[in-house]
Amino acid sequence: MGDSSLLVELGERISPEVNRRVQDLMDRLEHAALPGVRELSPSYRSLMIRVEPLRMALGQLQSAIVDLVAAGHTGALSSPAEHLIPVIYGGDHGPDLDWVAAHHGVPPDEIVARHSKCTYRVYMIGFTPGFPYLGELPADLDTPRRSTPRTRVLKGSVGLAQRQTGIYPADSPGGWQIIGWTPIELFDPRRQPPSLLNMGDTVRFEAIRPEEVERWPR
Amino acid sequence: MAAVGAFEVLSPGILTTVTDLGRYGFSRYGVAPTGGVDSFSLRVANLLVGNPENAAVLETLAMGLRLKALRDVVVAVTGGNLTPLRDAKPLPMWQSLELQAGEVVMFSGPAGGFRSYIAVQGGVDVPLIMGSRSTNLSSGFGGYGGRPLRKGDIIGCTEGPGRKRFEERVLPPEWVPAYPSRWRIRVVWGPQDDQFTDESRQTFVSHLYSVSSDSNRTGIRLNGAALQVKAGILESIISEGVVAGAIQVPGDGQPIILLGETVSGGYRKIATVISADLPYLGQIMPGEEVAFGAVGLEEAVRALREMEDRIRSIGFTALA
């Protein structure tokens, strides 16, 4: 992309396998510490590599990547963390829960049960700092985005969009269906790393009652 | 190194932020670079006052900023000509100068260009967060408390071990960039140009686009001939990483030039602005016109090398 970045596509579709290949290439590149590489931006199915083109020509980077892939994996893959995220579903905390339940023709409790029974993979962090794209939602939770996005979604809101679920780390505009809220702090610029969740981590949601919020560390 | 009050903000104008060359290495956590949009002017401003290129500076938009010097300071103003005045007299740009305590500098309005950079010797003193002092406005961190400047803010600068050192430095006039109102911006095709129709690719490099008033730090929105994807191709793609200068085309076919405030996006990019022309994006104003010219990778890299050679040949070294 442009004269100072390379977009490496590692698959066509959203799948854990393709996403693992992205992560694997990112780890190898990090391990290789090539000169002139400024930034690695992983996403669902591609890795964007930003370079200083006067220190590392794009053609040179391309052959380095081919070599890295051919050499096989040498470094240890960073081990994924497992997270349990408490969520207050419905009511003021999840203003779209009833709409989502009606859309699927089931009671709201059933939506909560479907959402909190699965383990999700963090495919990427993007949109805003610390925002995790989690997947894949079970087919019976596949829900369209809101027809009119909200100008302000509250920090901590847990949302759905098609086969993805995510958490808003800060107040922001947003079009996802909001079904719950978590007290967990997802992004802190002074923390290292600043994002609680990282690509490749796993996430489960646990339904809690509003009065239980206090026992969860922020 | 001690921090001392350098300026009081009498009026912040339309938008004034603390910025530097940006925050890199954190996009995997969703953190965008958010540096000064016109990096050339930012670097030159720093070099003129004897700072390292990446010191924190003020970036101000269009008009209205008024600053009062709280002590004698060495400053340089570069970038767009926002008609800077020093106690009601024109303040020369693209050179170092001394402001005396009590003097007021104001920016009365654009006369070629859109963003000015104000460097102060020692650099603006704000905390380093994730390796940068630039303001991330959308998430509210970095810079001055994560927000634009307000009336009454005191801007500190870092005082070196010695006293301030004034050395008259002037950018050779032939190197001062020209900011026209009809821009020609060079791009390289891709990454998804092959998914647009041949007619649309042709349109993109032959049509004059006008800059929409909806433009902001996230992107320069353009109005003009709509660009279309080939038959059977969906409007959006699976979200992927983006860079400043990527030109994305949403469903309505009107291109948007992304700036450094975004890490990922789900629209196709027809082309990407070359690195040597990225600084100009900071000076394009709503109402102006943009034409795109496609160049090859080699020419793009050559243009970047020329720009870097020019900055290096200024030959100003850090004073401290």
# chains A, B, ... in the order shown; residues from 1 in each chain; ligands from 1
call {"tool": "interface_residues", "arguments": {"of": "chain A", "to": "chain B", "cutoff": "10 Å", "atoms": "only C-alpha atoms", "output": "mmCIF file with C-alpha atoms, in the first residue's frame"}}
result
data_model
loop_
_atom_site.group_PDB
_atom_site.id
_atom_site.type_symbol
_atom_site.label_atom_id
_atom_site.label_comp_id
_atom_site.auth_asym_id
_atom_site.auth_seq_id
_atom_site.Cartn_x
_atom_site.Cartn_y
_atom_site.Cartn_z
ATOM 1 C CA MET A 1 0.000 0.000 0.000
ATOM 2 C CA GLY A 2 1.696 3.187 -1.167
ATOM 3 C CA ASP A 3 5.481 3.551 -1.212
ATOM 4 C CA SER A 4 6.139 2.706 2.428
ATOM 5 C CA SER A 5 3.976 -0.200 3.415
ATOM 6 C CA LEU A 6 3.295 -3.709 2.297
ATOM 7 C CA LEU A 7 -0.043 -5.428 2.793
ATOM 8 C CA GLU A 9 -2.723 -11.164 2.621
ATOM 9 C CA GLU A 12 -9.451 -14.761 1.749
ATOM 10 C CA ARG A 13 -11.867 -15.362 4.586
ATOM 11 C CA ILE A 14 -12.321 -14.735 8.285
ATOM 12 C CA VAL A 37 10.443 -1.727 9.875
ATOM 13 C CA ARG A 38 8.367 0.824 11.785
ATOM 14 C CA GLU A 39 5.114 -0.918 12.470
ATOM 15 C CA LEU A 40 3.228 -4.182 12.115
ATOM 16 C CA SER A 41 -0.560 -3.869 11.869
ATOM 17 C CA PRO A 42 -2.349 -7.209 12.016
ATOM 18 C CA SER A 43 -5.979 -7.646 11.034
ATOM 19 C CA TYR A 44 -8.357 -10.529 10.264
ATOM 20 C CA ARG A 45 -6.593 -11.863 7.208
ATOM 21 C CA SER A 46 -3.678 -9.575 6.495
ATOM 22 C CA LEU A 47 -0.617 -7.989 8.001
ATOM 23 C CA MET A 48 0.314 -4.458 7.088
ATOM 24 C CA ILE A 49 4.005 -3.716 7.411
ATOM 25 C CA ARG A 50 5.051 -0.099 7.489
ATOM 26 C CA GLU A 52 11.030 3.521 6.099
ATOM 27 C CA PRO A 53 11.481 2.988 2.352
ATOM 28 C CA LEU A 54 14.909 4.631 2.277
ATOM 29 C CA ALA A 57 12.990 -1.116 0.015
ATOM 30 C CA LEU A 58 9.609 -2.768 -0.422
ATOM 31 C CA MET A 124 -7.812 -7.989 15.898
ATOM 32 C CA ILE A 125 -7.810 -4.773 17.892
ATOM 33 C CA GLY A 126 -8.925 -1.775 15.864
ATOM 34 C CA PHE A 127 -11.573 0.850 15.219
ATOM 35 C CA THR A 128 -10.568 2.672 18.410
ATOM 36 C CA PRO A 129 -7.733 1.928 20.872
ATOM 37 C CA GLY A 130 -8.390 -1.364 22.647
ATOM 38 C CA PHE A 131 -11.562 -2.274 20.671
ATOM 39 C CA PRO A 132 -11.540 -6.092 20.243
ATOM 40 C CA PRO A 169 -13.299 0.724 25.318
ATOM 41 C CA ALA A 170 -14.330 4.408 25.331
ATOM 42 C CA ASP A 171 -17.365 6.501 24.504
ATOM 43 C CA SER A 172 -17.584 6.686 20.718
ATOM 44 C CA PHE A 187 -7.541 0.372 27.419
ATOM 45 C CA ASP A 188 -5.160 2.394 29.541
ATOM 46 C CA PRO A 189 -2.547 4.449 27.671
ATOM 47 C CA ARG A 190 -0.207 4.253 30.670
ATOM 48 C CA ARG A 191 -0.292 0.465 30.889
ATOM 49 C CA GLN A 192 2.194 -1.711 28.994
ATOM 50 C CA PRO A 193 0.724 -3.061 26.808
ATOM 51 C CA PRO A 194 -2.055 -0.473 26.785
ATOM 52 C CA SER A 195 -4.724 -2.921 25.608
ATOM 53 C CA LEU A 196 -6.064 -5.586 27.986
ATOM 54 C CA LEU A 197 -6.876 -7.918 25.100
ATOM 55 C CA ASN A 198 -4.431 -8.906 22.403
ATOM 56 C CA MET A 199 -4.810 -10.588 19.066
#
call {"tool": "select_by_dssp", "arguments": {"residues": "range 27-203 of chain A", "states": "strand (DSSP E)", "output": "PyMOL selection string"}}
result
chain A and resi 37-42+46-51+82-89+120-125+132-135+150-153+157-161+164-167+172-174+177-181+202-203
call {"tool": "select_by_dssp", "arguments": {"residues": "chain A", "states": "helix (DSSP H, G or I)", "output": "number ranges by chain"}}
result
A: 16-32, 58-71, 91-93, 97-104, 108-117, 139-141, 210-215
call {"tool": "residues_around", "arguments": {"residues": "Met56 in chain A", "least_positions_apart": "5", "cutoff": "8 Å", "atoms": "only C-alpha atoms", "output": "list of chain:residue names"}}
result
A:Pro35, A:Gly36, A:Val37, A:Val51, A:Leu61
call {"tool": "residues_around", "arguments": {"residues": "Leu154 in chain A", "least_positions_apart": "4", "cutoff": "12 Å", "atoms": "only C-alpha atoms", "output": "NGL selection string"}}
result
:A and (92-95 or 150 or 158-159 or 167-174 or 176 or 178-183)
call {"tool": "residues_around", "arguments": {"residues": "Asn54 in chain B", "least_positions_apart": "5", "cutoff": "7 Å", "atoms": "only C-alpha atoms", "output": "short mmCIF file (atom, residue, chain, number, x, y, z; two decimals) with N, CA and C atoms, in the first residue's frame"}}
result
data_model
loop_
_atom_site.label_atom_id
_atom_site.label_comp_id
_atom_site.auth_asym_id
_atom_site.auth_seq_id
_atom_site.Cartn_x
_atom_site.Cartn_y
_atom_site.Cartn_z
N ASP B 20 3.71 15.79 17.59
CA ASP B 20 5.07 15.54 17.12
C ASP B 20 4.97 14.67 15.87
N LEU B 21 5.98 13.86 15.60
CA LEU B 21 5.92 13.09 14.35
C LEU B 21 5.05 11.83 14.45
N ARG B 43 8.97 19.34 11.06
CA ARG B 43 10.41 19.05 11.20
C ARG B 43 11.23 20.31 11.01
#
call {"tool": "residues_around", "arguments": {"residues": "Ile220 in chain B", "least_positions_apart": "5", "cutoff": "6 Å", "atoms": "only C-alpha atoms", "output": "PyMOL selection string"}}
result
chain B and resi 215+256-257
call {"tool": "residues_around", "arguments": {"residues": "range 282-294 of chain B", "least_positions_apart": "3", "cutoff": "7 Å", "atoms": "only C-alpha atoms", "output": "ChimeraX atom specification"}}
result
/B:37-38,80,113-115,181-189,204-205,207-213,215,279
call {"tool": "write_last_selection", "arguments": {"atoms": "N, CA and C atoms", "output": "PDB file, in the first residue's frame"}}
result
ATOM      1  N   VAL B  37       0.034  16.617  10.791  1.00  0.00           N
ATOM      2  CA  VAL B  37      -0.346  16.186   9.442  1.00  0.00           C
ATOM      3  C   VAL B  37       0.725  16.607   8.436  1.00  0.00           C
ATOM      4  N   ASP B  38       1.247  17.821   8.579  1.00  0.00           N
ATOM      5  CA  ASP B  38       2.305  18.299   7.679  1.00  0.00           C
ATOM      6  C   ASP B  38       3.656  18.087   8.360  1.00  0.00           C
ATOM      7  N   GLY B  80       1.345  26.313   6.768  1.00  0.00           N
ATOM      8  CA  GLY B  80       0.416  27.192   6.074  1.00  0.00           C
ATOM      9  C   GLY B  80       0.531  28.619   6.599  1.00  0.00           C
ATOM     10  N   GLY B 113      -2.572  27.679   2.508  1.00  0.00           N
ATOM     11  CA  GLY B 113      -2.293  26.648   3.510  1.00  0.00           C
ATOM     12  C   GLY B 113      -3.308  26.707   4.632  1.00  0.00           C
ATOM     13  N   PHE B 114      -3.290  25.676   5.497  1.00  0.00           N
ATOM     14  CA  PHE B 114      -4.378  25.459   6.449  1.00  0.00           C
ATOM     15  C   PHE B 114      -3.895  25.221   7.878  1.00  0.00           C
ATOM     16  N   ARG B 115      -2.638  24.727   8.008  1.00  0.00           N
ATOM     17  CA  ARG B 115      -2.126  24.412   9.352  1.00  0.00           C
ATOM     18  C   ARG B 115      -0.751  25.033   9.550  1.00  0.00           C
ATOM     19  N   SER B 181      -4.294  26.603  -4.400  1.00  0.00           N
ATOM     20  CA  SER B 181      -5.659  26.215  -4.025  1.00  0.00           C
ATOM     21  C   SER B 181      -6.150  25.105  -4.948  1.00  0.00           C
ATOM     22  N   ARG B 182      -5.379  24.862  -6.024  1.00  0.00           N
ATOM     23  CA  ARG B 182      -5.667  23.712  -6.874  1.00  0.00           C
ATOM     24  C   ARG B 182      -4.447  22.800  -6.773  1.00  0.00           C
ATOM     25  N   TRP B 183      -4.646  21.627  -6.148  1.00  0.00           N
ATOM     26  CA  TRP B 183      -3.526  20.767  -5.798  1.00  0.00           C
ATOM     27  C   TRP B 183      -3.345  19.652  -6.814  1.00  0.00           C
ATOM     28  N   ARG B 184      -2.084  19.273  -7.004  1.00  0.00           N
ATOM     29  CA  ARG B 184      -1.813  18.051  -7.745  1.00  0.00           C
ATOM     30  C   ARG B 184      -1.065  17.129  -6.786  1.00  0.00           C
ATOM     31  N   ILE B 185      -1.707  16.033  -6.451  1.00  0.00           N
ATOM     32  CA  ILE B 185      -1.162  15.112  -5.456  1.00  0.00           C
ATOM     33  C   ILE B 185      -0.792  13.808  -6.164  1.00  0.00           C
ATOM     34  N   ARG B 186       0.443  13.374  -5.909  1.00  0.00           N
ATOM     35  CA  ARG B 186       0.909  12.140  -6.568  1.00  0.00           C
ATOM     36  C   ARG B 186       0.542  10.902  -5.741  1.00  0.00           C
ATOM     37  N   VAL B 187       0.134   9.875  -6.450  1.00  0.00           N
ATOM     38  CA  VAL B 187      -0.263   8.625  -5.784  1.00  0.00           C
ATOM     39  C   VAL B 187       0.391   7.443  -6.478  1.00  0.00           C
ATOM     40  N   VAL B 188       0.478   6.336  -5.756  1.00  0.00           N
ATOM     41  CA  VAL B 188       0.732   5.055  -6.429  1.00  0.00           C
ATOM     42  C   VAL B 188      -0.568   4.263  -6.350  1.00  0.00           C
ATOM     43  N   TRP B 189      -0.843   3.478  -7.382  1.00  0.00           N
ATOM     44  CA  TRP B 189      -2.083   2.710  -7.423  1.00  0.00           C
ATOM     45  C   TRP B 189      -2.109   1.682  -6.294  1.00  0.00           C
ATOM     46  N   PHE B 204     -10.378   8.789 -11.976  1.00  0.00           N
ATOM     47  CA  PHE B 204      -9.668   9.163 -10.754  1.00  0.00           C
ATOM     48  C   PHE B 204      -8.447  10.036 -11.049  1.00  0.00           C
ATOM     49  N   VAL B 205      -7.739   9.735 -12.135  1.00  0.00           N
ATOM     50  CA  VAL B 205      -6.520  10.506 -12.433  1.00  0.00           C
ATOM     51  C   VAL B 205      -6.750  11.623 -13.463  1.00  0.00           C
ATOM     52  N   HIS B 207      -9.898  13.645 -13.266  1.00  0.00           N
ATOM     53  CA  HIS B 207     -10.975  14.505 -12.772  1.00  0.00           C
ATOM     54  C   HIS B 207     -10.431  15.429 -11.680  1.00  0.00           C
ATOM     55  N   LEU B 208     -11.053  16.612 -11.576  1.00  0.00           N
ATOM     56  CA  LEU B 208     -10.687  17.529 -10.498  1.00  0.00           C
ATOM     57  C   LEU B 208     -11.724  17.347  -9.381  1.00  0.00           C
ATOM     58  N   TYR B 209     -11.265  16.965  -8.206  1.00  0.00           N
ATOM     59  CA  TYR B 209     -12.184  16.764  -7.071  1.00  0.00           C
ATOM     60  C   TYR B 209     -12.196  17.995  -6.190  1.00  0.00           C
ATOM     61  N   SER B 210     -13.359  18.304  -5.631  1.00  0.00           N
ATOM     62  CA  SER B 210     -13.384  19.437  -4.709  1.00  0.00           C
ATOM     63  C   SER B 210     -13.417  18.924  -3.269  1.00  0.00           C
ATOM     64  N   VAL B 211     -12.780  19.684  -2.386  1.00  0.00           N
ATOM     65  CA  VAL B 211     -12.597  19.261  -1.002  1.00  0.00           C
ATOM     66  C   VAL B 211     -13.835  19.662  -0.199  1.00  0.00           C
ATOM     67  N   SER B 212     -14.471  18.661   0.414  1.00  0.00           N
ATOM     68  CA  SER B 212     -15.727  18.891   1.133  1.00  0.00           C
ATOM     69  C   SER B 212     -15.484  19.560   2.486  1.00  0.00           C
ATOM     70  N   SER B 213     -16.492  20.303   2.926  1.00  0.00           N
ATOM     71  CA  SER B 213     -16.390  20.941   4.246  1.00  0.00           C
ATOM     72  C   SER B 213     -16.566  19.923   5.370  1.00  0.00           C
ATOM     73  N   SER B 215     -14.605  17.535   5.725  1.00  0.00           N
ATOM     74  CA  SER B 215     -13.266  16.998   5.972  1.00  0.00           C
ATOM     75  C   SER B 215     -12.851  17.306   7.409  1.00  0.00           C
ATOM     76  N   PRO B 279       2.951  15.492   3.402  1.00  0.00           N
ATOM     77  CA  PRO B 279       2.880  16.750   4.162  1.00  0.00           C
ATOM     78  C   PRO B 279       1.862  17.734   3.591  1.00  0.00           C
TER      79      PRO B 279
END
call {"tool": "atom_distance", "arguments": {"atom1": "CA of Thr165 in chain A", "atom2": "CA of Leu234 in chain B"}}
result
21.9 Å
call {"tool": "atom_distance", "arguments": {"atom1": "CA of Arg215 in chain A", "atom2": "CA of Arg114 in chain A"}}
result
24.3 Å
call {"tool": "atom_distance", "arguments": {"atom1": "CA of Ala226 in chain B", "atom2": "CA of Ser200 in chain B"}}
result
7.7 Å
call {"tool": "closest_residue", "arguments": {"among": "B:Val176, B:Gly35, B:Glu103, B:Arg150", "to": "Gly79 in chain B", "atoms": "only C-alpha atoms"}}
result
B:Val176
call {"tool": "closest_residue", "arguments": {"among": "B:Asp72, B:Glu168, B:Glu53, B:Asp194", "to": "Ile233 in chain B", "atoms": "only C-alpha atoms"}}
result
B:Asp194
call {"tool": "closest_residue", "arguments": {"among": "A:Asp201, A:Glu82, A:Glu110, A:Asp27", "to": "Val69 in chain A", "atoms": "only C-alpha atoms"}}
result
A:Asp27
